[in-house]
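J.: input38.cif is reproduced in full below (mmCIF, C-alpha atoms and all ligand atoms).
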```
data_upload
#
loop_
_atom_site.label_atom_id
_atom_site.label_comp_id
_atom_site.auth_asym_id
_atom_site.auth_seq_id
_atom_site.Cartn_x
_atom_site.Cartn_y
_atom_site.Cartn_z
CA MET A 5 -13.34 -11.52 16.26
CA LYS A 6 -14.48 -11.76 12.65
CA ILE A 7 -12.88 -9.23 10.29
CA VAL A 8 -13.39 -8.32 6.66
CA VAL A 9 -10.13 -7.44 4.88
CA THR A 10 -10.56 -5.82 1.46
CA GLY A 11 -7.78 -5.89 -1.13
CA GLY A 12 -6.18 -8.92 0.53
CA ALA A 13 -4.85 -10.32 -2.75
CA GLY A 14 -2.66 -7.22 -3.13
CA PHE A 15 0.68 -6.33 -1.61
CA ILE A 16 -0.09 -4.91 1.86
CA GLY A 17 -3.47 -6.64 2.30
CA GLY A 18 -1.86 -10.02 1.49
CA ASN A 19 0.96 -9.44 3.96
CA PHE A 20 -1.64 -8.33 6.52
CA ILE A 21 -3.67 -11.54 6.13
CA HIS A 22 -0.57 -13.72 6.60
CA TYR A 23 0.46 -11.71 9.66
CA TYR A 24 -3.05 -11.57 11.14
CA LEU A 25 -3.90 -15.27 10.82
CA SER A 26 -0.69 -16.25 12.58
CA ALA A 27 -0.95 -13.51 15.26
CA HIS A 28 -4.65 -14.21 15.98
CA PRO A 29 -5.31 -17.86 15.05
CA GLU A 30 -8.65 -17.75 16.90
CA ASP A 31 -10.05 -14.97 14.65
CA GLN A 32 -11.86 -15.32 11.33
CA VAL A 33 -10.81 -13.39 8.24
CA ILE A 34 -12.98 -12.82 5.17
CA CYS A 35 -11.07 -11.33 2.24
CA ILE A 36 -12.95 -9.36 -0.41
CA ASP A 37 -10.93 -8.68 -3.55
CA LYS A 38 -11.91 -7.87 -7.13
CA LEU A 39 -8.67 -9.42 -8.44
CA THR A 40 -7.69 -6.52 -10.66
CA TYR A 41 -4.32 -6.64 -12.42
CA ALA A 42 -2.78 -6.00 -8.96
CA GLY A 43 -4.54 -8.86 -7.17
CA ASN A 44 -2.91 -12.29 -7.12
CA LEU A 45 -4.55 -15.33 -5.62
CA SER A 46 -1.13 -17.00 -5.46
CA THR A 47 -0.28 -14.49 -2.71
CA LEU A 48 -2.95 -16.17 -0.57
CA ALA A 49 -2.31 -19.79 -1.66
CA SER A 50 -0.93 -20.88 1.72
CA VAL A 51 -4.00 -19.71 3.67
CA MET A 52 -6.74 -20.81 1.27
CA ASP A 53 -7.31 -24.06 3.21
CA ASN A 54 -7.28 -22.38 6.62
CA PRO A 55 -10.79 -22.96 8.10
CA ASN A 56 -10.69 -19.45 9.58
CA PHE A 57 -10.16 -17.86 6.16
CA ARG A 58 -12.64 -17.21 3.37
CA PHE A 59 -11.90 -15.56 0.02
CA VAL A 60 -14.67 -13.81 -1.91
CA ARG A 61 -14.07 -12.30 -5.33
CA MET A 62 -16.05 -9.06 -5.21
CA ASP A 63 -15.84 -5.41 -6.19
CA ILE A 64 -16.10 -3.14 -3.12
CA CYS A 65 -18.27 -0.82 -5.27
CA ASP A 66 -20.83 -3.60 -5.85
CA ARG A 67 -23.36 -2.43 -3.27
CA ASP A 68 -25.83 -5.32 -3.49
CA ASN A 69 -23.20 -8.01 -3.10
CA VAL A 70 -21.28 -6.14 -0.39
CA PHE A 71 -24.49 -5.72 1.62
CA ALA A 72 -25.43 -9.40 1.08
CA LEU A 73 -22.01 -10.50 2.33
CA PHE A 74 -22.27 -8.30 5.43
CA GLU A 75 -25.73 -9.67 6.14
CA GLU A 76 -24.42 -13.23 5.86
CA GLU A 77 -21.16 -12.78 7.77
CA ARG A 78 -21.98 -10.02 10.29
CA PRO A 79 -18.32 -8.93 10.73
CA ASP A 80 -17.01 -7.16 13.84
CA ALA A 81 -14.56 -4.99 11.90
CA VAL A 82 -13.62 -3.99 8.36
CA ILE A 83 -10.10 -3.03 7.25
CA ASN A 84 -10.09 -1.40 3.83
CA PHE A 85 -6.89 -1.97 1.85
CA ALA A 86 -8.64 -2.26 -1.53
CA ALA A 87 -7.61 0.53 -3.87
CA GLU A 88 -6.13 1.46 -7.18
CA SER A 89 -2.67 2.22 -5.81
CA HIS A 90 -0.24 3.22 -8.55
CA VAL A 91 0.40 6.94 -9.13
CA ASP A 92 1.58 6.51 -12.75
CA ARG A 93 -1.59 4.62 -13.70
CA SER A 94 -3.70 7.36 -12.10
CA ILE A 95 -2.00 9.98 -14.28
CA ASP A 96 -2.84 7.86 -17.33
CA ASN A 97 -6.46 7.08 -16.35
CA PRO A 98 -7.95 8.74 -13.24
CA GLY A 99 -11.55 7.44 -13.52
CA ILE A 100 -11.13 4.00 -11.97
CA PHE A 101 -9.25 5.61 -9.04
CA LEU A 102 -12.27 7.77 -8.21
CA GLN A 103 -14.59 4.80 -8.52
CA THR A 104 -12.73 2.27 -6.38
CA ASN A 105 -11.01 4.57 -3.91
CA ILE A 106 -13.93 6.91 -3.18
CA ILE A 107 -17.17 5.10 -4.14
CA GLY A 108 -15.78 1.79 -2.84
CA THR A 109 -14.92 3.35 0.52
CA ALA A 110 -18.41 4.88 0.82
CA THR A 111 -20.05 1.56 -0.11
CA LEU A 112 -18.13 -0.32 2.59
CA MET A 113 -18.98 2.29 5.22
CA ASP A 114 -22.66 2.22 4.20
CA ALA A 115 -22.61 -1.53 4.77
CA CYS A 116 -20.95 -0.96 8.17
CA ARG A 117 -23.77 1.43 9.10
CA ALA A 118 -26.47 -0.93 7.87
CA PHE A 119 -25.27 -3.95 9.86
CA GLY A 120 -24.68 -2.71 13.41
CA ASN A 121 -22.30 0.24 13.13
CA VAL A 122 -19.35 -2.04 12.38
CA ARG A 123 -15.84 -0.87 13.35
CA TYR A 124 -14.13 0.51 10.22
CA HIS A 125 -10.44 1.12 9.54
CA GLN A 126 -9.26 3.03 6.48
CA VAL A 127 -5.77 2.33 5.11
CA SER A 128 -4.89 5.80 3.88
CA THR A 129 -1.51 7.14 2.78
CA ASP A 130 1.03 9.87 3.52
CA GLU A 131 0.45 11.07 -0.06
CA VAL A 132 -2.68 12.88 1.16
CA TYR A 133 -0.31 15.50 2.66
CA GLY A 134 1.24 16.32 -0.72
CA ASP A 135 5.01 16.77 -0.60
CA LEU A 136 7.76 18.49 1.39
CA PRO A 137 10.69 20.52 0.04
CA LEU A 138 14.03 18.74 -0.41
CA ASP A 139 15.95 21.48 1.43
CA ARG A 140 13.93 21.46 4.68
CA PRO A 141 14.82 18.20 6.47
CA ASP A 142 13.32 19.67 9.65
CA LEU A 143 9.78 19.46 8.17
CA LEU A 144 7.79 16.24 8.66
CA PHE A 145 4.14 15.29 8.05
CA THR A 146 2.14 15.23 11.30
CA GLU A 147 -1.53 14.25 11.59
CA ASN A 148 -2.30 18.01 11.60
CA THR A 149 -0.51 18.76 8.31
CA PRO A 150 -3.17 20.04 5.88
CA ILE A 151 -4.34 17.70 3.14
CA HIS A 152 -2.90 19.00 -0.12
CA THR A 153 -2.64 16.44 -2.91
CA SER A 154 -0.71 16.22 -6.19
CA SER A 155 -1.87 13.25 -8.29
CA PRO A 156 -5.27 11.78 -9.18
CA TYR A 157 -4.26 8.81 -6.97
CA SER A 158 -3.51 10.91 -3.89
CA SER A 159 -6.58 13.06 -4.50
CA SER A 160 -8.81 10.00 -4.62
CA LYS A 161 -7.23 8.68 -1.40
CA ALA A 162 -7.71 12.11 0.21
CA GLY A 163 -11.37 12.08 -0.87
CA ALA A 164 -11.81 8.69 0.78
CA ASP A 165 -9.94 9.79 3.91
CA LEU A 166 -12.21 12.85 4.28
CA LEU A 167 -15.33 10.73 3.70
CA VAL A 168 -14.27 8.42 6.53
CA GLN A 169 -13.96 11.41 8.87
CA ALA A 170 -17.36 12.67 7.65
CA TYR A 171 -19.03 9.29 8.37
CA HIS A 172 -17.63 9.43 11.89
CA ARG A 173 -18.84 12.95 12.57
CA THR A 174 -22.18 12.71 10.76
CA TYR A 175 -23.27 9.15 11.55
CA GLY A 176 -21.07 8.24 14.51
CA LEU A 177 -19.44 5.36 12.60
CA PRO A 178 -16.57 4.00 14.76
CA VAL A 179 -13.63 4.66 12.45
CA THR A 180 -9.84 4.99 12.53
CA ILE A 181 -7.46 6.03 9.76
CA SER A 182 -3.78 5.19 9.24
CA ARG A 183 -1.58 7.26 6.93
CA CYS A 184 1.56 5.30 6.16
CA SER A 185 4.71 6.05 4.18
CA ASN A 186 6.08 3.88 1.33
CA ASN A 187 6.04 0.14 2.07
CA TYR A 188 8.39 -2.50 0.66
CA GLY A 189 8.68 -6.27 1.13
CA PRO A 190 7.38 -9.58 -0.28
CA TYR A 191 4.48 -9.70 -2.79
CA HIS A 192 5.06 -6.10 -3.95
CA PHE A 193 3.72 -5.74 -7.50
CA PRO A 194 6.65 -5.11 -9.91
CA GLU A 195 5.27 -1.82 -11.25
CA LYS A 196 6.53 -0.10 -8.07
CA LEU A 197 10.09 1.22 -7.64
CA ILE A 198 11.78 -1.44 -5.47
CA PRO A 199 10.40 -4.64 -7.05
CA LEU A 200 10.70 -3.13 -10.55
CA MET A 201 14.39 -2.41 -10.00
CA ILE A 202 15.02 -5.89 -8.52
CA VAL A 203 13.27 -7.63 -11.42
CA ASN A 204 14.95 -5.50 -14.11
CA CYS A 205 18.37 -6.03 -12.48
CA LEU A 206 17.84 -9.78 -12.55
CA TYR A 207 17.18 -9.58 -16.32
CA ASP A 208 20.01 -7.02 -16.87
CA LYS A 209 17.36 -4.63 -18.24
CA PRO A 210 17.66 -0.80 -18.05
CA LEU A 211 16.69 0.68 -14.66
CA PRO A 212 14.36 3.64 -15.43
CA VAL A 213 15.01 6.40 -12.88
CA TYR A 214 12.56 9.32 -13.13
CA GLY A 215 14.15 12.78 -13.47
CA GLU A 216 17.47 12.88 -11.65
CA GLY A 217 16.51 10.31 -9.02
CA LEU A 218 16.69 12.91 -6.25
CA ASN A 219 13.10 12.54 -4.97
CA VAL A 220 12.91 11.21 -1.43
CA ARG A 221 10.61 8.53 -0.04
CA ASP A 222 10.31 7.30 3.57
CA TRP A 223 10.47 3.47 3.48
CA LEU A 224 8.85 1.04 5.92
CA TYR A 225 9.00 -2.77 5.92
CA VAL A 226 5.47 -3.99 5.16
CA GLU A 227 5.15 -6.21 8.25
CA ASP A 228 5.72 -3.17 10.48
CA HIS A 229 2.80 -1.45 8.73
CA CYS A 230 0.62 -4.56 9.27
CA LYS A 231 1.43 -4.59 12.99
CA ALA A 232 0.60 -0.88 13.26
CA ILE A 233 -2.83 -1.41 11.65
CA ASP A 234 -3.60 -4.35 13.93
CA LEU A 235 -2.71 -2.21 16.95
CA ILE A 236 -4.84 0.73 15.76
CA VAL A 237 -7.85 -1.54 15.13
CA ARG A 238 -7.58 -3.05 18.63
CA LYS A 239 -6.39 -0.12 20.72
CA GLY A 240 -6.62 3.07 18.65
CA ARG A 241 -8.93 5.88 19.72
CA ILE A 242 -12.12 6.03 17.66
CA GLY A 243 -12.24 8.94 15.20
CA GLU A 244 -8.45 9.37 15.21
CA VAL A 245 -5.84 9.49 12.46
CA TYR A 246 -2.46 7.79 13.05
CA ASN A 247 0.64 8.43 10.94
CA VAL A 248 2.82 5.33 10.40
CA GLY A 249 6.48 5.55 9.37
CA GLY A 250 9.97 4.64 10.51
CA HIS A 251 12.14 7.73 9.87
CA ASN A 252 13.82 6.11 6.90
CA GLU A 253 14.13 8.73 4.16
CA MET A 254 16.10 7.78 1.06
CA ARG A 255 16.66 9.26 -2.39
CA ASN A 256 15.42 7.05 -5.24
CA ILE A 257 18.86 6.93 -6.85
CA ASP A 258 20.40 5.62 -3.62
CA ILE A 259 17.81 2.84 -3.43
CA VAL A 260 18.53 1.86 -7.04
CA LYS A 261 22.31 1.81 -6.44
CA LEU A 262 21.85 -0.27 -3.29
CA ILE A 263 19.80 -2.89 -5.20
CA ILE A 264 22.44 -2.94 -7.94
CA ARG A 265 25.17 -3.58 -5.34
CA GLU A 266 23.19 -6.28 -3.53
CA LEU A 267 22.62 -8.13 -6.83
CA GLY A 268 26.20 -7.65 -8.06
CA LYS A 269 25.15 -5.75 -11.20
CA SER A 270 26.55 -2.67 -12.96
CA GLU A 271 25.46 0.94 -12.48
CA ASP A 272 25.56 1.18 -16.29
CA LEU A 273 22.02 -0.27 -16.15
CA ILE A 274 20.75 3.05 -14.71
CA THR A 275 18.77 5.00 -17.34
CA TYR A 276 17.43 8.44 -16.51
CA VAL A 277 13.97 8.89 -18.07
CA THR A 278 11.39 11.69 -18.32
CA ASP A 279 10.09 12.65 -14.91
CA ARG A 280 6.64 11.72 -13.56
CA LYS A 281 4.13 14.58 -14.07
CA GLY A 282 3.55 16.49 -10.82
CA HIS A 283 6.20 14.29 -9.12
CA ASP A 284 6.12 14.72 -5.32
CA LEU A 285 9.57 15.74 -4.08
CA ARG A 286 9.78 14.32 -0.60
CA TYR A 287 7.67 12.39 1.92
CA ALA A 288 8.60 12.15 5.59
CA ILE A 289 6.34 10.90 8.37
CA ASP A 290 6.36 11.96 12.01
CA PRO A 291 5.13 8.81 13.83
CA THR A 292 5.25 10.32 17.35
CA LYS A 293 1.51 9.88 17.98
CA ILE A 294 1.32 6.13 17.31
CA HIS A 295 4.52 5.60 19.30
CA GLU A 296 3.39 7.58 22.34
CA GLU A 297 -0.27 6.44 22.36
CA LEU A 298 0.02 2.83 21.24
CA GLY A 299 3.69 1.96 21.81
CA TRP A 300 4.30 1.14 18.14
CA LEU A 301 7.84 1.23 16.77
CA PRO A 302 9.18 -0.31 13.55
CA GLU A 303 11.06 -3.58 14.14
CA THR A 304 12.85 -4.08 10.80
CA CYS A 305 15.53 -1.59 9.79
CA PHE A 306 16.01 -0.81 6.09
CA GLU A 307 19.35 -2.65 5.77
CA GLU A 308 17.74 -5.87 7.04
CA GLY A 309 14.41 -5.34 5.28
CA ILE A 310 15.87 -4.75 1.83
CA LYS A 311 18.07 -7.88 2.14
CA LYS A 312 15.00 -9.94 3.16
CA THR A 313 13.03 -8.45 0.27
CA ILE A 314 15.69 -9.17 -2.36
CA LYS A 315 16.06 -12.73 -0.99
CA TRP A 316 12.27 -13.18 -1.27
CA TYR A 317 12.30 -12.12 -4.95
CA LEU A 318 15.21 -14.48 -5.65
CA GLU A 319 13.41 -17.39 -3.97
CA ASN A 320 9.94 -16.69 -5.40
CA ARG A 321 10.61 -16.16 -9.07
CA SER A 322 7.45 -17.97 -10.16
CA TRP A 323 5.29 -15.41 -8.25
CA TRP A 324 6.63 -12.42 -10.19
CA GLU A 325 7.49 -14.18 -13.47
CA GLU A 326 3.83 -15.08 -13.88
CA ILE A 327 3.01 -11.37 -13.52
CA ILE A 328 5.64 -9.95 -15.83
CA ASN A 329 4.92 -12.52 -18.53
CA GLY A 330 1.27 -11.40 -18.74
CA GLU A 331 -0.56 -8.10 -19.33
CA TYR A 332 2.30 -6.35 -17.49
CA GLN A 333 4.31 -6.38 -20.74
CA ASN A 334 1.80 -4.07 -22.44
CA TYR A 335 1.82 -1.79 -19.39
CA TYR A 336 5.62 -1.70 -19.35
CA GLU A 337 5.85 -0.91 -23.06
CA LYS A 338 3.28 1.88 -22.81
CA MET A 339 4.86 3.42 -19.72
CA TYR A 340 8.57 3.11 -20.49
CA ASN A 341 9.17 2.74 -24.26
CA ASN A 342 10.63 5.95 -25.71
CA ARG A 343 10.26 7.67 -22.35
P1 LIG A 401 -2.06 -3.12 -4.43
O1 LIG A 401 -2.33 -2.38 -5.69
O2 LIG A 401 -0.89 -4.02 -4.35
O3 LIG A 401 -3.34 -4.00 -4.03
C1 LIG A 401 -4.65 -3.51 -4.16
C2 LIG A 401 -5.60 -4.69 -4.05
O4 LIG A 401 -6.95 -4.17 -4.09
C3 LIG A 401 -5.49 -5.71 -5.19
O5 LIG A 401 -5.54 -7.02 -4.67
C4 LIG A 401 -6.72 -5.42 -6.05
O6 LIG A 401 -7.20 -6.57 -6.74
C5 LIG A 401 -7.72 -4.94 -4.99
N1 LIG A 401 -8.76 -4.10 -5.57
C6 LIG A 401 -8.60 -3.04 -6.41
N2 LIG A 401 -9.79 -2.52 -6.73
C7 LIG A 401 -10.73 -3.24 -6.05
C8 LIG A 401 -12.15 -3.17 -5.96
N3 LIG A 401 -12.85 -2.25 -6.65
N4 LIG A 401 -12.78 -4.05 -5.17
C9 LIG A 401 -12.08 -4.99 -4.48
N5 LIG A 401 -10.75 -5.13 -4.56
C10 LIG A 401 -10.07 -4.25 -5.32
O7 LIG A 401 -2.00 -2.00 -3.29
P2 LIG A 401 -1.09 -1.95 -1.96
O8 LIG A 401 0.21 -1.34 -2.30
O9 LIG A 401 -1.16 -3.25 -1.28
O10 LIG A 401 -1.91 -0.86 -1.12
C11 LIG A 401 -2.96 -1.26 -0.24
C12 LIG A 401 -3.55 -0.02 0.40
O11 LIG A 401 -2.55 0.66 1.16
C13 LIG A 401 -4.09 1.00 -0.59
O12 LIG A 401 -5.27 1.54 -0.07
C14 LIG A 401 -3.00 2.06 -0.67
O13 LIG A 401 -3.55 3.32 -0.98
C15 LIG A 401 -2.48 2.02 0.75
N6 LIG A 401 -1.06 2.40 0.94
C16 LIG A 401 -0.08 1.81 0.19
C17 LIG A 401 1.25 2.12 0.45
C18 LIG A 401 2.36 1.46 -0.34
O14 LIG A 401 3.52 1.86 -0.17
N7 LIG A 401 2.10 0.47 -1.18
C19 LIG A 401 1.57 3.02 1.48
C20 LIG A 401 0.54 3.61 2.21
C21 LIG A 401 -0.78 3.27 1.94
O1 LIG A 402 3.81 7.02 0.14
C1 LIG A 402 2.86 6.01 0.05
C2 LIG A 402 2.62 5.67 -1.41
O2 LIG A 402 3.79 5.02 -1.88
C3 LIG A 402 1.39 4.81 -1.60
O3 LIG A 402 0.25 5.52 -1.21
C4 LIG A 402 1.26 4.34 -3.05
O4 LIG A 402 0.18 3.44 -3.20
C5 LIG A 402 2.55 3.65 -3.45
O5 LIG A 402 2.49 3.24 -4.81
C6 LIG A 402 3.75 4.56 -3.21
O6 LIG A 402 3.74 5.69 -4.14
P1 LIG A 402 5.07 6.23 -4.84
O7 LIG A 402 4.69 6.99 -6.04
O8 LIG A 402 5.97 6.89 -3.85
O9 LIG A 402 5.76 4.80 -5.23
P2 LIG A 402 6.47 4.27 -6.57
O10 LIG A 402 7.09 2.95 -6.22
O11 LIG A 402 5.59 4.34 -7.75
O12 LIG A 402 7.65 5.33 -6.79
C7 LIG A 402 8.61 5.57 -5.77
C8 LIG A 402 9.56 6.65 -6.29
O13 LIG A 402 10.35 6.09 -7.33
C9 LIG A 402 8.87 7.85 -6.88
O14 LIG A 402 9.61 9.02 -6.56
C10 LIG A 402 8.90 7.61 -8.39
C11 LIG A 402 10.19 6.82 -8.57
N1 LIG A 402 10.19 5.83 -9.68
C12 LIG A 402 9.19 4.92 -9.72
C13 LIG A 402 9.16 3.97 -10.73
C14 LIG A 402 8.03 2.97 -10.81
C15 LIG A 402 11.23 5.82 -10.59
O15 LIG A 402 12.18 6.64 -10.52
N2 LIG A 402 11.20 4.87 -11.59
C16 LIG A 402 10.19 3.96 -11.71
O16 LIG A 402 10.21 3.15 -12.69
#
```
Kindly transcribe the structure held in the file into structure tokens.
T.:
Amino acid sequence: MKIVVTGGAGFIGGNFIHYYLSAHPEDQVICIDKLTYAGNLSTLASVMDNPNFRFVRMDICDRDNVFALFEEERPDAVINFAAESHVDRSIDNPGIFLQTNIIGTATLMDACRAFGNVRYHQVSTDEVYGDLPLDRPDLLFTENTPIHTSSPYSSSKAGADLLVQAYHRTYGLPVTISRCSNNYGPYHFPEKLIPLMIVNCLYDKPLPVYGEGLNVRDWLYVEDHCKAIDLIVRKGRIGEVYNVGGHNEMRNIDIVKLIIRELGKSEDLITYVTDRKGHDLRYAIDPTKIHEELGWLPETCFEEGIKKTIKWYLENRSWWEEIINGEYQNYYEKMYNNR
């Protein structure tokens, strides 16, 4: 099989490429990535020489070049990870989120239609369901929960998700969609909660907790997400949506305290800052469908996964130091100074 993976220089796409090339050494992978601030070629350094891997720097919105690549490569499947992915950046500047997340998705699906009705998988998110109340632990997101978004990011992902369903119904494009909860693990860009707290702890810098730190996220080790996507692409029912999550809800403040303990630092580093606008209270995924239909279950529990993640950041300082010594400093100042 020959697959196109978009956004493969980012966090989940990069982990997916590493997983996929070792799980399916006979397959070919073509990665399309624009290399935005979130894309890092160093994430893919160890596979660059693999004869079954090709990297192409390209914007998924660049119709002419996307079509030319499809004509040249004639892929069997496309897995779309490419996106603007950070909620805080979307609050600051929504435009690029609409462009990449919606127009980019449509462009890729148009190319799929033009070159043989290529199998298409959309990496969506649980954020399309909006949020759940903190005092109703019995409520979980199922695939039938209405789409009801909060941020420009989640709205752009919901727009893309709906477009994928429209391309299936209108044109018969063979699609699947996965809606996953929060991922963590290696190669996670340090603007996101877990890597940001690890990196700041290592520098004894303040740990900026939004609001009171009581918001809840449902964490999944990134490799478990990659395995779920692989399974959906191979065995999922066409036209279906699959929720992906491991029943691992945690309050932000508890995550931060756990990282502090693991790194032997002081809770005095915790600094409560102004809350995120429109901050979703709680996410919680019901993964019954993917378990019952495809046999998927998460393999890495949070206690093990967070230890592996912290160890990875300790052993791969050059990967993240290169990031935080660059443009990231301006971002950090703008986002956190005087907050
Ligand atoms: P990321 O920000 O780490 O990586 C995104 C990648 O996409 C980067 O390599 C970037 O260069 C590339 N990219 C951005 N715009 C592009 C464009 N126009 N053309 C080509 N490439 C472009 O994101 P991530 O956390 O790895 O998320 C990957 C996908 O998974 C996203 O679609 C996101 O919505 C979804 N998702 C993420 C999570 C999570 O917890 N991180 C959970 C569920 C779903
Ligand atoms: O649920 C899936 C989503 O998870 C994905 O679709 C997104 O792409 C991904 O970024 C993630 O979104 P979140 O907004 O949940 O992740 P983030 O790491 O930005 O924040 C997690 C929680 O931590 C959230 O409640 C906000 C809080 N937070 C975050 C940062 C960066 C803080 O308290 N302080 C911080 O500095």
J.: With all atoms listed in the file as the counted atoms, please give the residues lying no more than 10 Å from Leu138 of chain A, apart from itself and same-chain residues fewer than 3 positions off, as a VMD selection string.
T.: chain A and resid 135 141 143 218 to 220 285 to 287
J.: Between A:Glu325, A:Glu303, A:Asp68, A:Asp165, which one has atoms that come closest to Thr111 of chain A, using all atoms listed in the file?
T.: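 Of A:Glu325, A:Glu303, A:Asp68, A:Asp165, the one nearest Thr111 of chain A is A:Asp68, counting all atoms listed in the file.
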J.: With distances taken over only C-alpha atoms, which residue among A:Pro156, A:Gly268, A:Gly176, A:Gly243 lies nearest Leu206 of chain A?
T.: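 Distance minimum relative to Leu206 of chain A lands on A:Gly268.
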J.: For Gly12 of chain A, list every protein, DNA or RNA residue within 12 Å, evaluated using only C-alpha atoms, and leave out those in the same chain fewer than 5 positions away; present the list as JSON, numbers by chain.
T.: {"A": [7, 17, 18, 19, 20, 21, 22, 23, 24, 33, 34, 35, 36, 37, 38, 39, 40, 42, 43, 44, 45, 46, 47, 48, 49, 51, 52, 57, 58, 59, 60, 61, 62, 82, 83, 84, 85, 86, 87, 191, 230]}
J.: Select, from A:Leu177, A:Ile107, A:Ala72, A:Val203, the residue with the minimum atom-to-atom distance to Leu267 of chain A, counting all atoms listed in the file.
T.: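 Comparing A:Leu177, A:Ile107, A:Ala72, A:Val203 against Leu267 of chain A, the winner is A:Val203.
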J.: Which is closer to Arg238 of chain A than all the others in A:Val179, A:Arg78, A:Val127, A:Lys315, using all atoms listed in the file?
T.: A:Val179
J.: Could you check the closest approach to Ser154 of chain A for each of A:Cys116, A:Val277, A:Ala110, A:Val91 and tell me which residue wins, using all atoms listed in the file?
T.: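 Checking each of A:Cys116, A:Val277, A:Ala110, A:Val91 against Ser154 of chain A, counting all atoms listed in the file, the winner is A:Val91.
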J.: Out of A:Thr313, A:Thr153, A:Asn54, A:Asn204, which residue has the shortest atom-to-atom distance to Val226 of chain A when counting all atoms listed in the file?
T.: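 Going through A:Thr313, A:Thr153, A:Asn54, A:Asn204 one by one, the smallest distance to Val226 of chain A is for A:Thr313.
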J.: To check your reading of the model: which residues sit at most 9 Å from ligand LIG 402 (chain A) when counting all atoms listed in the file? Write the answer as an mmCIF file with C-alpha atoms, keeping the file's coordinate frame.
T.:
```
data_model
loop_
_atom_site.group_PDB
_atom_site.id
_atom_site.type_symbol
_atom_site.label_atom_id
_atom_site.label_comp_id
_atom_site.auth_asym_id
_atom_site.auth_seq_id
_atom_site.Cartn_x
_atom_site.Cartn_y
_atom_site.Cartn_z
ATOM 1 C CA ALA A 87 -7.610 0.530 -3.870
ATOM 2 C CA GLU A 88 -6.130 1.460 -7.180
ATOM 3 C CA SER A 89 -2.670 2.220 -5.810
ATOM 4 C CA HIS A 90 -0.240 3.220 -8.550
ATOM 5 C CA VAL A 91 0.400 6.940 -9.130
ATOM 6 C CA ASP A 92 1.580 6.510 -12.750
ATOM 7 C CA SER A 128 -4.890 5.800 3.880
ATOM 8 C CA THR A 129 -1.510 7.140 2.780
ATOM 9 C CA ASP A 130 1.030 9.870 3.520
ATOM 10 C CA GLU A 131 0.450 11.070 -0.060
ATOM 11 C CA VAL A 132 -2.680 12.880 1.160
ATOM 12 C CA TYR A 157 -4.260 8.810 -6.970
ATOM 13 C CA SER A 158 -3.510 10.910 -3.890
ATOM 14 C CA LYS A 161 -7.230 8.680 -1.400
ATOM 15 C CA ARG A 183 -1.580 7.260 6.930
ATOM 16 C CA CYS A 184 1.560 5.300 6.160
ATOM 17 C CA SER A 185 4.710 6.050 4.180
ATOM 18 C CA ASN A 186 6.080 3.880 1.330
ATOM 19 C CA ASN A 187 6.040 0.140 2.070
ATOM 20 C CA TYR A 188 8.390 -2.500 0.660
ATOM 21 C CA PRO A 194 6.650 -5.110 -9.910
ATOM 22 C CA GLU A 195 5.270 -1.820 -11.250
ATOM 23 C CA LYS A 196 6.530 -0.100 -8.070
ATOM 24 C CA LEU A 197 10.090 1.220 -7.640
ATOM 25 C CA ILE A 198 11.780 -1.440 -5.470
ATOM 26 C CA PRO A 199 10.400 -4.640 -7.050
ATOM 27 C CA LEU A 200 10.700 -3.130 -10.550
ATOM 28 C CA MET A 201 14.390 -2.410 -10.000
ATOM 29 C CA LEU A 211 16.690 0.680 -14.660
ATOM 30 C CA PRO A 212 14.360 3.640 -15.430
ATOM 31 C CA VAL A 213 15.010 6.400 -12.880
ATOM 32 C CA TYR A 214 12.560 9.320 -13.130
ATOM 33 C CA GLY A 215 14.150 12.780 -13.470
ATOM 34 C CA GLU A 216 17.470 12.880 -11.650
ATOM 35 C CA GLY A 217 16.510 10.310 -9.020
ATOM 36 C CA LEU A 218 16.690 12.910 -6.250
ATOM 37 C CA ASN A 219 13.100 12.540 -4.970
ATOM 38 C CA VAL A 220 12.910 11.210 -1.430
ATOM 39 C CA ARG A 221 10.610 8.530 -0.040
ATOM 40 C CA ASP A 222 10.310 7.300 3.570
ATOM 41 C CA TRP A 223 10.470 3.470 3.480
ATOM 42 C CA ARG A 255 16.660 9.260 -2.390
ATOM 43 C CA ASN A 256 15.420 7.050 -5.240
ATOM 44 C CA ILE A 257 18.860 6.930 -6.850
ATOM 45 C CA VAL A 260 18.530 1.860 -7.040
ATOM 46 C CA TYR A 276 17.430 8.440 -16.510
ATOM 47 C CA VAL A 277 13.970 8.890 -18.070
ATOM 48 C CA ASP A 279 10.090 12.650 -14.910
ATOM 49 C CA ARG A 280 6.640 11.720 -13.560
ATOM 50 C CA HIS A 283 6.200 14.290 -9.120
ATOM 51 C CA ASP A 284 6.120 14.720 -5.320
ATOM 52 C CA LEU A 285 9.570 15.740 -4.080
ATOM 53 C CA ARG A 286 9.780 14.320 -0.600
ATOM 54 C CA TYR A 287 7.670 12.390 1.920
ATOM 55 C CA ALA A 288 8.600 12.150 5.590
ATOM 56 C CA MET A 339 4.860 3.420 -19.720
ATOM 57 C CA TYR A 340 8.570 3.110 -20.490
#
```
J.: Between atom CA of Ser182 of chain A and atom CA of Glu75 of chain A, measure the distance and give it in Å to one decimal.
T.: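 Taking atom CA of Ser182 of chain A and atom CA of Glu75 of chain A, their separation equals 26.7 Å.
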